[in-house]
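**Student:** My structure is in data.pdb, and what it holds is PDB, C-alpha atoms:
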MODEL        1
ATOM      1  CA  MET A   1      14.563 -29.953  32.195
ATOM      2  CA  SER A   2      12.743 -28.469  29.219
ATOM      3  CA  LEU A   3       9.787 -26.129  29.729
ATOM      4  CA  LYS A   4       6.699 -27.571  28.016
ATOM      5  CA  VAL A   5       4.682 -24.954  26.102
ATOM      6  CA  SER A   6       1.519 -25.039  23.970
ATOM      7  CA  ILE A   7       0.404 -22.367  21.510
ATOM      8  CA  LEU A   8      -3.278 -21.575  21.009
ATOM      9  CA  GLY A   9      -3.753 -19.884  17.634
ATOM     10  CA  ILE A  10      -1.452 -20.076  14.610
ATOM     11  CA  GLY A  11      -2.311 -16.920  12.684
ATOM     12  CA  ASN A  12       0.483 -14.547  11.672
ATOM     13  CA  MET A  13       1.482 -13.779  15.254
ATOM     14  CA  GLY A  14       1.069 -17.377  16.378
ATOM     15  CA  LYS A  15       3.423 -18.511  13.617
ATOM     16  CA  ASN A  16       5.992 -15.987  14.803
ATOM     17  CA  HIS A  17       5.709 -17.256  18.370
ATOM     18  CA  LEU A  18       6.233 -20.813  17.142
ATOM     19  CA  ARG A  19       9.274 -19.794  15.081
ATOM     20  CA  VAL A  20      10.913 -18.010  18.019
ATOM     21  CA  LEU A  21      10.079 -20.653  20.635
ATOM     22  CA  ASN A  22      11.529 -23.264  18.313
ATOM     23  CA  MET A  23      14.868 -21.413  18.489
ATOM     24  CA  LEU A  24      15.039 -21.219  22.284
ATOM     25  CA  LYS A  25      16.985 -23.733  24.324
ATOM     26  CA  GLY A  26      15.208 -25.302  27.255
ATOM     27  CA  VAL A  27      11.786 -24.958  25.597
ATOM     28  CA  THR A  28       9.666 -27.653  23.964
ATOM     29  CA  VAL A  29       6.512 -26.783  22.056
ATOM     30  CA  VAL A  30       4.382 -29.828  22.827
ATOM     31  CA  LYS A  31       1.184 -28.827  20.996
ATOM     32  CA  ILE A  32      -0.156 -26.223  18.599
ATOM     33  CA  PHE A  33      -3.908 -25.654  18.436
ATOM     34  CA  ASP A  34      -6.149 -23.986  15.872
ATOM     35  CA  PHE A  35      -9.276 -24.757  13.849
ATOM     36  CA  ASN A  36      -7.382 -24.505  10.547
ATOM     37  CA  GLU A  37      -6.152 -28.084  10.106
ATOM     38  CA  ASP A  38      -4.391 -27.442   6.796
ATOM     39  CA  ALA A  39      -2.269 -24.700   8.364
ATOM     40  CA  LEU A  40      -1.639 -26.869  11.426
ATOM     41  CA  LYS A  41      -0.371 -29.750   9.265
ATOM     42  CA  LEU A  42       2.088 -27.501   7.429
ATOM     43  CA  LEU A  43       3.498 -26.055  10.650
ATOM     44  CA  SER A  44       3.548 -29.468  12.306
ATOM     45  CA  GLN A  45       5.721 -30.797   9.483
ATOM     46  CA  GLN A  46       7.913 -27.697   9.336
ATOM     47  CA  TYR A  47       8.701 -27.612  13.066
ATOM     48  CA  ASP A  48       8.158 -31.280  13.946
ATOM     49  CA  VAL A  49       5.547 -30.431  16.578
ATOM     50  CA  PRO A  50       2.236 -32.241  17.256
ATOM     51  CA  TYR A  51      -1.015 -30.414  16.570
ATOM     52  CA  THR A  52      -4.573 -30.728  17.833
ATOM     53  CA  LEU A  53      -8.013 -29.405  16.949
ATOM     54  CA  ASN A  54      -9.079 -29.747  20.602
ATOM     55  CA  GLU A  55      -8.199 -26.808  22.874
ATOM     56  CA  GLY A  56      -8.616 -28.911  26.011
ATOM     57  CA  GLU A  57      -6.039 -31.401  24.772
ATOM     58  CA  ALA A  58      -3.633 -28.564  23.962
ATOM     59  CA  ILE A  59      -3.406 -27.372  27.562
ATOM     60  CA  GLU A  60      -3.001 -30.754  29.248
ATOM     61  CA  ASN A  61       0.314 -31.446  31.039
ATOM     62  CA  VAL A  62       2.102 -28.249  30.022
ATOM     63  CA  ASP A  63       4.044 -25.651  31.998
ATOM     64  CA  ALA A  64       2.922 -22.656  29.954
ATOM     65  CA  VAL A  65       0.374 -21.636  27.344
ATOM     66  CA  ILE A  66       0.667 -18.902  24.713
ATOM     67  CA  ILE A  67      -2.723 -17.452  23.729
ATOM     68  CA  VAL A  68      -2.495 -15.842  20.277
ATOM     69  CA  THR A  69      -6.132 -16.134  19.214
ATOM     70  CA  PRO A  70      -8.586 -13.341  18.237
ATOM     71  CA  THR A  71      -9.141 -10.805  21.022
ATOM     72  CA  SER A  72     -12.772 -11.854  21.483
ATOM     73  CA  THR A  73     -11.622 -15.360  22.530
ATOM     74  CA  HIS A  74      -8.829 -14.455  24.997
ATOM     75  CA  PHE A  75     -11.089 -14.554  28.044
ATOM     76  CA  ASP A  76     -12.564 -17.982  27.283
ATOM     77  CA  TYR A  77      -9.211 -19.580  26.488
ATOM     78  CA  PHE A  78      -7.697 -18.153  29.657
ATOM     79  CA  LYS A  79     -10.531 -19.641  31.737
ATOM     80  CA  LEU A  80      -9.733 -23.052  30.211
ATOM     81  CA  CYS A  81      -6.211 -22.714  31.629
ATOM     82  CA  VAL A  82      -7.353 -21.941  35.183
ATOM     83  CA  GLY A  83      -6.452 -24.816  37.487
ATOM     84  CA  LYS A  84      -4.421 -26.544  34.757
ATOM     85  CA  VAL A  85      -1.625 -24.174  33.743
ATOM     86  CA  THR A  86       0.508 -21.988  35.984
ATOM     87  CA  ASN A  87       1.989 -19.643  33.344
ATOM     88  CA  VAL A  88      -0.023 -17.940  30.593
ATOM     89  CA  PHE A  89       1.079 -15.462  27.932
ATOM     90  CA  ILE A  90      -1.806 -13.513  26.366
ATOM     91  CA  GLU A  91      -1.245 -11.314  23.332
ATOM     92  CA  LYS A  92      -2.500  -7.764  23.756
ATOM     93  CA  PRO A  93      -5.117  -6.752  24.564
ATOM     94  CA  LEU A  94      -5.513  -8.949  27.608
ATOM     95  CA  ALA A  95      -9.243  -9.305  26.904
ATOM     96  CA  GLU A  96     -12.074  -7.809  24.895
ATOM     97  CA  ASN A  97     -12.944  -5.291  27.611
ATOM     98  CA  PHE A  98     -11.969  -3.972  31.029
ATOM     99  CA  ALA A  99     -14.464  -6.150  32.936
ATOM    100  CA  GLN A 100     -13.076  -9.365  31.436
ATOM    101  CA  ALA A 101      -9.519  -8.201  32.165
ATOM    102  CA  GLN A 102     -10.435  -7.640  35.806
ATOM    103  CA  GLU A 103     -11.831 -11.168  36.015
ATOM    104  CA  ILE A 104      -8.660 -12.587  34.463
ATOM    105  CA  LYS A 105      -6.647 -10.777  37.141
ATOM    106  CA  ALA A 106      -8.900 -12.089  39.921
ATOM    107  CA  LEU A 107      -8.717 -15.671  38.651
ATOM    108  CA  ALA A 108      -4.948 -15.452  38.211
ATOM    109  CA  ASN A 109      -4.472 -14.177  41.771
ATOM    110  CA  GLU A 110      -6.834 -16.761  43.254
ATOM    111  CA  ASN A 111      -5.078 -19.633  41.493
ATOM    112  CA  GLY A 112      -1.450 -18.538  41.818
ATOM    113  CA  MET A 113      -1.012 -18.014  38.081
ATOM    114  CA  PHE A 114       1.541 -15.809  36.350
ATOM    115  CA  VAL A 115       0.067 -13.914  33.390
ATOM    116  CA  GLN A 116       2.150 -11.875  30.950
ATOM    117  CA  CYS A 117       0.468  -9.492  28.513
ATOM    118  CA  GLY A 118       2.005  -9.245  25.046
ATOM    119  CA  PHE A 119       3.067  -5.602  24.924
ATOM    120  CA  ILE A 120       5.881  -6.251  22.485
ATOM    121  CA  GLU A 121       6.886  -2.583  22.123
ATOM    122  CA  ARG A 122       8.361  -2.616  25.619
ATOM    123  CA  PHE A 123      10.971  -4.972  24.193
ATOM    124  CA  ASN A 124      11.725  -2.782  21.178
ATOM    125  CA  PRO A 125      15.415  -1.856  21.633
ATOM    126  CA  VAL A 126      14.597   1.816  20.966
ATOM    127  CA  VAL A 127      12.078   1.863  23.831
ATOM    128  CA  ALA A 128      14.582   0.118  26.109
ATOM    129  CA  GLU A 129      17.176   2.842  25.424
ATOM    130  CA  LEU A 130      14.584   5.606  25.758
ATOM    131  CA  LYS A 131      13.551   4.254  29.167
ATOM    132  CA  LYS A 132      17.184   4.478  30.328
ATOM    133  CA  ILE A 133      17.500   8.088  29.167
ATOM    134  CA  LEU A 134      14.278   9.157  30.890
ATOM    135  CA  LYS A 135      15.422   7.791  34.246
ATOM    136  CA  THR A 136      17.559  10.915  34.629
ATOM    137  CA  SER A 137      15.265  13.424  32.866
ATOM    138  CA  LYS A 138      11.936  14.956  33.888
ATOM    139  CA  VAL A 139       9.408  14.471  31.087
ATOM    140  CA  ILE A 140       7.321  17.516  30.190
ATOM    141  CA  ASN A 141       5.427  15.951  27.282
ATOM    142  CA  ALA A 142       5.514  12.772  25.194
ATOM    143  CA  ASP A 143       3.865  12.418  21.780
ATOM    144  CA  PHE A 144       3.088   8.950  20.436
ATOM    145  CA  PHE A 145       2.145   8.357  16.782
ATOM    146  CA  ARG A 146       0.988   5.001  15.412
ATOM    147  CA  THR A 147      -0.685   4.658  12.015
ATOM    148  CA  ASN A 148      -1.396   1.686   9.826
ATOM    149  CA  ARG A 149      -3.921   0.686   7.187
ATOM    150  CA  LEU A 150      -6.532  -1.729   8.533
ATOM    151  CA  SER A 151      -5.185  -5.268   8.372
ATOM    152  CA  SER A 152      -7.443  -7.947   6.924
ATOM    153  CA  ARG A 153      -6.649 -10.109   9.952
ATOM    154  CA  ILE A 154      -7.983  -7.529  12.429
ATOM    155  CA  THR A 155     -11.772  -7.562  12.234
ATOM    156  CA  ASP A 156     -12.951  -7.657  15.855
ATOM    157  CA  VAL A 157     -11.378  -4.572  17.462
ATOM    158  CA  ASP A 158     -11.235  -0.838  16.811
ATOM    159  CA  VAL A 159      -8.082   1.244  16.452
ATOM    160  CA  VAL A 160      -7.948   1.908  20.200
ATOM    161  CA  LEU A 161      -7.685  -1.787  21.133
ATOM    162  CA  ASP A 162      -5.672  -2.683  18.028
ATOM    163  CA  LEU A 163      -3.067   0.095  17.755
ATOM    164  CA  MET A 164      -3.453   2.773  20.433
ATOM    165  CA  ILE A 165      -3.221   0.276  23.293
ATOM    166  CA  HIS A 166       0.482  -0.240  22.509
ATOM    167  CA  ASP A 167       1.172   3.435  23.152
ATOM    168  CA  ILE A 168      -1.183   3.625  26.113
ATOM    169  CA  ASP A 169       0.985   0.955  27.710
ATOM    170  CA  LEU A 170       4.166   2.829  26.718
ATOM    171  CA  ALA A 171       2.791   6.100  28.146
ATOM    172  CA  LEU A 172       2.130   4.311  31.450
ATOM    173  CA  TYR A 173       5.516   2.579  31.284
ATOM    174  CA  LEU A 174       7.452   5.805  30.628
ATOM    175  CA  ASN A 175       5.389   8.386  32.557
ATOM    176  CA  GLY A 176       3.510   6.446  35.226
ATOM    177  CA  PRO A 177      -0.187   6.335  36.214
ATOM    178  CA  VAL A 178      -2.731   8.509  34.403
ATOM    179  CA  LYS A 179      -4.809  11.111  36.261
ATOM    180  CA  ASP A 180      -7.017  12.609  33.532
ATOM    181  CA  VAL A 181      -8.074  11.475  30.044
ATOM    182  CA  VAL A 182      -9.508  13.486  27.148
ATOM    183  CA  ALA A 183     -10.035  11.921  23.702
ATOM    184  CA  TYR A 184     -11.618  12.454  20.306
ATOM    185  CA  GLY A 185     -12.045  10.158  17.341
ATOM    186  CA  SER A 186     -13.660   9.215  14.055
ATOM    187  CA  LYS A 187     -15.360   5.983  12.941
ATOM    188  CA  GLU A 188     -15.402   3.827   9.813
ATOM    189  CA  ASN A 189     -17.955   1.009   9.469
ATOM    190  CA  GLY A 190     -19.051   1.440  13.069
ATOM    191  CA  LEU A 191     -15.574   1.093  14.591
ATOM    192  CA  VAL A 192     -13.256   3.874  15.767
ATOM    193  CA  ALA A 193     -10.608   4.188  13.038
ATOM    194  CA  PHE A 194      -8.889   7.378  14.210
ATOM    195  CA  ALA A 195      -8.290   8.377  17.820
ATOM    196  CA  SER A 196      -6.450  11.213  19.517
ATOM    197  CA  ALA A 197      -6.043  11.049  23.293
ATOM    198  CA  PHE A 198      -4.501  13.389  25.863
ATOM    199  CA  PHE A 199      -3.346  12.137  29.264
ATOM    200  CA  LYS A 200      -2.245  13.999  32.357
ATOM    201  CA  HIS A 201      -0.098  11.781  34.553
ATOM    202  CA  HIS A 202       0.102  11.887  38.335
ATOM    203  CA  ASN A 203       3.754  12.990  38.051
ATOM    204  CA  GLY A 204       2.662  16.113  36.142
ATOM    205  CA  SER A 205       3.835  15.024  32.702
ATOM    206  CA  LEU A 206       1.584  14.981  29.637
ATOM    207  CA  SER A 207       1.098  12.368  26.921
ATOM    208  CA  ARG A 208      -0.589  12.772  23.558
ATOM    209  CA  ILE A 209      -1.390   9.627  21.584
ATOM    210  CA  ILE A 210      -2.580   9.500  17.980
ATOM    211  CA  ALA A 211      -3.604   6.213  16.398
ATOM    212  CA  SER A 212      -5.057   5.802  12.917
ATOM    213  CA  ARG A 213      -5.837   3.133  10.399
ATOM    214  CA  MET A 214      -7.304   5.633   7.934
ATOM    215  CA  THR A 215      -3.994   6.122   6.134
ATOM    216  CA  GLU A 216      -1.652   3.985   4.047
ATOM    217  CA  LYS A 217       1.398   5.417   5.807
ATOM    218  CA  LYS A 218       2.882   3.216   8.533
ATOM    219  CA  MET A 219       4.267   5.188  11.434
ATOM    220  CA  ARG A 220       5.551   4.190  14.868
ATOM    221  CA  SER A 221       7.253   7.041  16.675
ATOM    222  CA  ILE A 222       7.668   8.783  20.019
ATOM    223  CA  GLN A 223       8.800  12.370  20.554
ATOM    224  CA  VAL A 224       9.629  13.382  24.109
ATOM    225  CA  THR A 225      10.239  16.864  25.482
ATOM    226  CA  THR A 226      12.162  16.943  28.763
ATOM    227  CA  GLU A 227      13.482  19.853  30.809
ATOM    228  CA  ASP A 228      16.768  19.843  28.895
ATOM    229  CA  ALA A 229      16.289  17.827  25.704
ATOM    230  CA  TYR A 230      14.065  16.786  22.819
ATOM    231  CA  ILE A 231      14.162  13.070  22.025
ATOM    232  CA  ASP A 232      13.038  11.566  18.737
ATOM    233  CA  ALA A 233      12.460   7.793  18.803
ATOM    234  CA  GLU A 234      11.631   5.972  15.561
ATOM    235  CA  LEU A 235      10.402   2.478  16.414
ATOM    236  CA  VAL A 236      10.295   1.005  12.905
ATOM    237  CA  ARG A 237      13.722   2.140  11.708
ATOM    238  CA  LYS A 238      15.152   1.596  15.216
ATOM    239  CA  GLU A 239      16.626   5.109  15.459
ATOM    240  CA  LEU A 240      16.990   7.292  18.543
ATOM    241  CA  HIS A 241      18.134  10.936  18.450
ATOM    242  CA  VAL A 242      18.651  13.220  21.441
ATOM    243  CA  HIS A 243      18.742  16.989  20.848
ATOM    244  CA  GLN A 244      20.403  18.399  23.943
ATOM    245  CA  GLN A 245      20.235  22.102  24.735
ATOM    246  CA  SER A 246      23.835  23.011  25.433
ATOM    247  CA  ALA A 247      24.294  26.778  25.692
ATOM    248  CA  ILE A 248      22.675  30.204  25.452
ATOM    249  CA  THR A 249      24.948  32.970  24.186
ATOM    250  CA  ARG A 250      24.720  36.491  22.773
ATOM    251  CA  ASP A 251      25.902  37.287  19.256
ATOM    252  CA  SER A 252      27.352  40.561  17.978
ATOM    253  CA  ASP A 253      24.010  42.365  17.731
ATOM    254  CA  ASP A 254      23.217  41.465  21.354
ATOM    255  CA  SER A 255      20.527  38.911  20.479
ATOM    256  CA  TYR A 256      20.377  35.524  22.149
ATOM    257  CA  VAL A 257      21.514  32.378  20.364
ATOM    258  CA  VAL A 258      20.612  28.902  21.627
ATOM    259  CA  SER A 259      22.955  26.188  20.454
ATOM    260  CA  SER A 260      22.149  22.518  20.747
ATOM    261  CA  LEU A 261      23.886  19.207  20.389
ATOM    262  CA  GLU A 262      22.320  16.336  18.456
ATOM    263  CA  GLN A 263      23.344  12.855  19.483
ATOM    264  CA  GLN A 264      22.335   9.595  17.814
ATOM    265  CA  ILE A 265      22.097   6.815  20.377
ATOM    266  CA  GLU A 266      23.316   3.418  19.247
ATOM    267  CA  VAL A 267      20.517   0.880  19.325
ATOM    268  CA  LYS A 268      21.458  -2.776  19.385
ATOM    269  CA  PRO A 269      19.694  -4.793  16.690
ATOM    270  CA  GLN A 270      17.443  -7.389  18.283
ATOM    271  CA  GLU A 271      14.086  -8.980  17.595
ATOM    272  CA  ALA A 272      11.556  -7.702  20.108
ATOM    273  CA  LEU A 273       9.525 -10.932  20.079
ATOM    274  CA  LEU A 274      12.639 -12.972  20.887
ATOM    275  CA  VAL A 275      13.472 -10.785  23.894
ATOM    276  CA  GLU A 276       9.824 -10.782  24.982
ATOM    277  CA  LEU A 277       9.559 -14.589  24.934
ATOM    278  CA  GLN A 278      12.940 -14.984  26.625
ATOM    279  CA  ALA A 279      11.604 -12.811  29.451
ATOM    280  CA  PHE A 280       8.421 -14.909  29.639
ATOM    281  CA  ILE A 281      10.351 -18.182  29.771
ATOM    282  CA  SER A 282      12.635 -16.705  32.424
ATOM    283  CA  ARG A 283       9.612 -15.849  34.587
ATOM    284  CA  CYS A 284       8.189 -19.332  34.028
ATOM    285  CA  ASN A 285      11.473 -20.688  35.380
ATOM    286  CA  GLY A 286      11.148 -18.644  38.560
ATOM    287  CA  ASN A 287      13.315 -15.640  37.714
ATOM    288  CA  GLN A 288      12.085 -12.090  38.344
ATOM    289  CA  SER A 289      12.392 -10.712  34.811
ATOM    290  CA  ALA A 290      10.742  -7.334  34.234
ATOM    291  CA  VAL A 291       7.680  -7.952  32.055
ATOM    292  CA  PRO A 292       4.247  -6.397  31.451
ATOM    293  CA  ASP A 293       2.042  -8.513  33.687
ATOM    294  CA  VAL A 294      -1.673  -8.892  34.317
ATOM    295  CA  ASP A 295      -1.821  -5.578  36.209
ATOM    296  CA  ASP A 296      -0.407  -3.762  33.174
ATOM    297  CA  GLY A 297      -2.893  -5.525  30.913
ATOM    298  CA  VAL A 298      -5.811  -4.499  33.137
ATOM    299  CA  GLU A 299      -4.711  -0.878  33.495
ATOM    300  CA  SER A 300      -4.202  -0.431  29.754
ATOM    301  CA  LEU A 301      -7.755  -1.657  29.140
ATOM    302  CA  ARG A 302      -9.097   0.684  31.823
ATOM    303  CA  ILE A 303      -7.540   3.608  29.972
ATOM    304  CA  CYS A 304      -8.819   2.256  26.638
ATOM    305  CA  GLN A 305     -12.332   2.217  28.087
ATOM    306  CA  LEU A 306     -11.989   5.854  29.205
ATOM    307  CA  VAL A 307     -10.718   6.844  25.740
ATOM    308  CA  LEU A 308     -13.642   5.116  24.008
ATOM    309  CA  GLU A 309     -16.131   6.674  26.427
ATOM    310  CA  CYS A 310     -14.696  10.131  25.673
ATOM    311  CA  ILE A 311     -15.010   9.507  21.926
ATOM    312  CA  GLU A 312     -18.609   8.306  22.266
ATOM    313  CA  ASN A 313     -19.574  11.288  24.396
ATOM    314  CA  ALA A 314     -17.735  13.958  22.400
TER
ENDMDL
END
Take the structure I supplied and represent it as structure tokens, if you would.

**Tutor:**
Amino acid sequence: MSLKVSILGIGNMGKNHLRVLNMLKGVTVVKIFDFNEDALKLLSQQYDVPYTLNEGEAIENVDAVIIVTPTSTHFDYFKLCVGKVTNVFIEKPLAENFAQAQEIKALANENGMFVQCGFIERFNPVVAELKKILKTSKVINADFFRTNRLSSRITDVDVVLDLMIHDIDLALYLNGPVKDVVAYGSKENGLVAFASAFFKHHNGSLSRIIASRMTEKKMRSIQVTTEDAYIDAELVRKELHVHQQSAITRDSDDSYVVSSLEQQIEVKPQEALLVELQAFISRCNGNQSAVPDVDDGVESLRICQLVLECIENA
């Protein structure tokens, strides 16, 4: 039996969700919703899927809903699904602020709903391999860098909710709960456009996250220092290098020489969005796939709020 899914929002990301869902077996996209009827007609013809300009109609008689609308609307569209839809996928961030995210969690728990938050970087094959490596290594420090020029489609959130939140989630995913937060930043046009945050985790490890949309250079990288290695993860080029400390010896003049071994880890080519939606569909079908859920979405926004408060009070 095919899983019936509707998509709310057909911007760039919504189009990608539609493309991927259209490829998956056992999934039927029954409705796409937006206020842009011209764009809806084109996609409706391209993928042979009905469209609607009425959000209420879009969520009737479906098994799951994908919310890919502007961040400021996530909360309202989720509330429309309460009592009507059991499974909801919400693109990151879960909501516009921490308070709304908490209410989403409460409503989901009260109504037996499964909510997945769209932290796509968890499904990046480089991150998946890095997670495996760190299972056997104690992390001392992890540096996360994410830069991008401001996109014309992002007008309602600052760099913390737009870019940094990806790496806040990854820091929590790789190093566990955060104990202390310190952050600094700079604004453009009233919104934080550059942010640098420092986290101390309960396990003793440190994370430093830099996010900027004040530069033309696009960067997505993680550098991790462990007790016995330095790991360089490049998320765009899908490259992962491990520099392992191998030996300490003395040379002829009795000075110490540290030799190391560099290893490039093979990363399987795969589309993160495909893996992410496969995991969502699997959960909708009752399987216990590991996914970022509503708790992860809430906690990431709690940390975002602390970062923004630090920047405001600096």

**Student:** Residues picked by the PyMOL selection byres ((chain A and resi 132-148) around 7) here, as a PyMOL selection string?

**Tutor:** chain A and resi 128-131+149-150+163+167+205-213+215-227

**Student:** Check the smallest atom-to-atom distance from each of A:Ser300, A:Ser282, A:Thr52, A:Ser196 to A:Asp34 using only C-alpha atoms, then report the winner.

**Tutor:**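 Nearest to A:Asp34: A:Thr52.
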
**Student:** Would you kindly return, as a list in words, each protein, DNA or RNA residue with an atom no farther than 9 Å from any atom of stretch 235-244 of chain A, considering all atoms listed in the file and excluding same-chain residues fewer than 5 positions away?

**Tutor:**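 My list of contacting residues is Glu121, Asn124, Pro125, Val126, Val127, Glu129, Leu130, Lys218, Met219, Arg220, Ser221, Ile222, Asp228, Ala229, Tyr230, Ser259, Ser260, Leu261, Glu262, Gln263, Gln264, Ile265, Glu266, Val267, Lys268 and Pro269 of chain A.
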
**Student:** Measuring atom to atom with all atoms listed in the file, identify which of A:Leu172, A:Leu161, A:Val298, A:Val62 is nearest to A:Phe194.

**Tutor:**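 Under the stated criterion, the closest residue is A:Leu161.
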
**Student:** Do you know which residues the PyMOL selection byres ((chain A and resi 195) around 9) returns on this file, as a compact mmCIF listing (two decimals) with C-alpha atoms, in the coordinates of the input?

**Tutor:**
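Saved the output as out-v4.txt:
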# COMPACT_ATOMS: atom_id res chain seq x y z
CA VAL A 159 -8.08 1.24 16.45
CA VAL A 160 -7.95 1.91 20.20
CA MET A 164 -3.45 2.77 20.43
CA ALA A 183 -10.04 11.92 23.70
CA TYR A 184 -11.62 12.45 20.31
CA GLY A 185 -12.04 10.16 17.34
CA SER A 186 -13.66 9.22 14.06
CA LYS A 187 -15.36 5.98 12.94
CA VAL A 192 -13.26 3.87 15.77
CA ALA A 193 -10.61 4.19 13.04
CA PHE A 194 -8.89 7.38 14.21
CA SER A 196 -6.45 11.21 19.52
CA ALA A 197 -6.04 11.05 23.29
CA ILE A 209 -1.39 9.63 21.58
CA ILE A 210 -2.58 9.50 17.98
CA ALA A 211 -3.60 6.21 16.40
CA SER A 212 -5.06 5.80 12.92
CA VAL A 307 -10.72 6.84 25.74
CA LEU A 308 -13.64 5.12 24.01
CA ILE A 311 -15.01 9.51 21.93

**Student:** So, with all atoms listed in the file as the atoms that count, which of A:Val275, A:Leu43, A:Val49, A:Val291 lies closest to A:Val5?

**Tutor:** A:Val49

**Student:** What does the distance from atom CA of A:Leu306 to atom CA of A:Pro177 come to in Å, to one decimal?

**Tutor:** 13.7 Å

**Student:** Return the single residue from A:Leu18, A:Ile281, A:Cys310, A:Ile10 that is closest to A:Pro70, with distances computed using all atoms listed in the file.

**Tutor:**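 Counting all atoms listed in the file, the residue closest to A:Pro70 is A:Ile10.
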
**Student:** Excluding A:Val68 and its own-chain neighbours fewer than 2 positions away, which residues fall within 9 Å of it when counting all atoms listed in the file? Please give them as a list of chain:residue names.

**Tutor:**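 The contact residues come out as A:Ile7, A:Leu8, A:Gly9, A:Ile10, A:Gly11, A:Met13, A:Gly14, A:His17, A:Ile66, A:Pro70, A:Thr71, A:His74, A:Phe89, A:Ile90, A:Glu91, A:Lys92.
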
**Student:** Please compute the atom CA of A:Arg122-atom CA of A:Pro292 distance, one decimal, in Å.

**Tutor:**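 Atom CA of A:Arg122 sits 8.1 Å away from atom CA of A:Pro292.
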
**Student:** Restricting the calculation to all atoms listed in the file, which member of A:Ala290, A:Met113, A:Asn54, A:Gly26 is positioned closest to A:Met1?

**Tutor:**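 Once distances to A:Met1 are computed over all atoms listed in the file, the minimum belongs to A:Gly26.
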
**Student:** Would you mind completing stretch 222-233 of chain A to N, CA, C and O atoms and writing the output as a short mmCIF file (atom, residue, chain, number, x, y, z; two decimals), in the coordinates of the input?

**Tutor:**
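The resulting file, result.cif, is shown below:
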data_model
loop_
_atom_site.label_atom_id
_atom_site.label_comp_id
_atom_site.auth_asym_id
_atom_site.auth_seq_id
_atom_site.Cartn_x
_atom_site.Cartn_y
_atom_site.Cartn_z
N ILE A 222 7.86 8.10 18.75
CA ILE A 222 7.67 8.78 20.02
C ILE A 222 8.57 10.01 20.03
O ILE A 222 9.75 9.92 19.72
N GLN A 223 8.00 11.16 20.37
CA GLN A 223 8.80 12.37 20.55
C GLN A 223 8.59 12.85 21.99
O GLN A 223 7.45 13.05 22.41
N VAL A 224 9.70 13.02 22.70
CA VAL A 224 9.63 13.38 24.11
C VAL A 224 10.33 14.71 24.36
O VAL A 224 11.47 14.91 23.92
N THR A 225 9.63 15.61 25.04
CA THR A 225 10.24 16.86 25.48
C THR A 225 10.52 16.76 26.97
O THR A 225 9.60 16.50 27.76
N THR A 226 11.79 16.93 27.35
CA THR A 226 12.16 16.94 28.76
C THR A 226 12.63 18.35 29.14
O THR A 226 12.61 19.26 28.31
N GLU A 227 13.05 18.53 30.37
CA GLU A 227 13.48 19.85 30.81
C GLU A 227 14.73 20.34 30.07
O GLU A 227 14.97 21.54 29.98
N ASP A 228 15.52 19.42 29.54
CA ASP A 228 16.77 19.84 28.90
C ASP A 228 17.04 19.19 27.55
O ASP A 228 18.14 19.30 27.01
N ALA A 229 16.03 18.50 26.98
CA ALA A 229 16.29 17.83 25.70
C ALA A 229 14.99 17.54 24.95
O ALA A 229 13.89 17.54 25.53
N TYR A 230 15.15 17.28 23.67
CA TYR A 230 14.06 16.79 22.82
C TYR A 230 14.55 15.46 22.25
O TYR A 230 15.64 15.37 21.68
N ILE A 231 13.74 14.41 22.42
CA ILE A 231 14.16 13.07 22.02
C ILE A 231 13.23 12.55 20.96
O ILE A 231 12.01 12.56 21.12
N ASP A 232 13.80 12.08 19.87
CA ASP A 232 13.04 11.57 18.74
C ASP A 232 13.33 10.07 18.61
O ASP A 232 14.46 9.67 18.31
N ALA A 233 12.31 9.25 18.86
CA ALA A 233 12.46 7.79 18.80
C ALA A 233 11.64 7.24 17.65
O ALA A 233 10.43 7.43 17.61
#
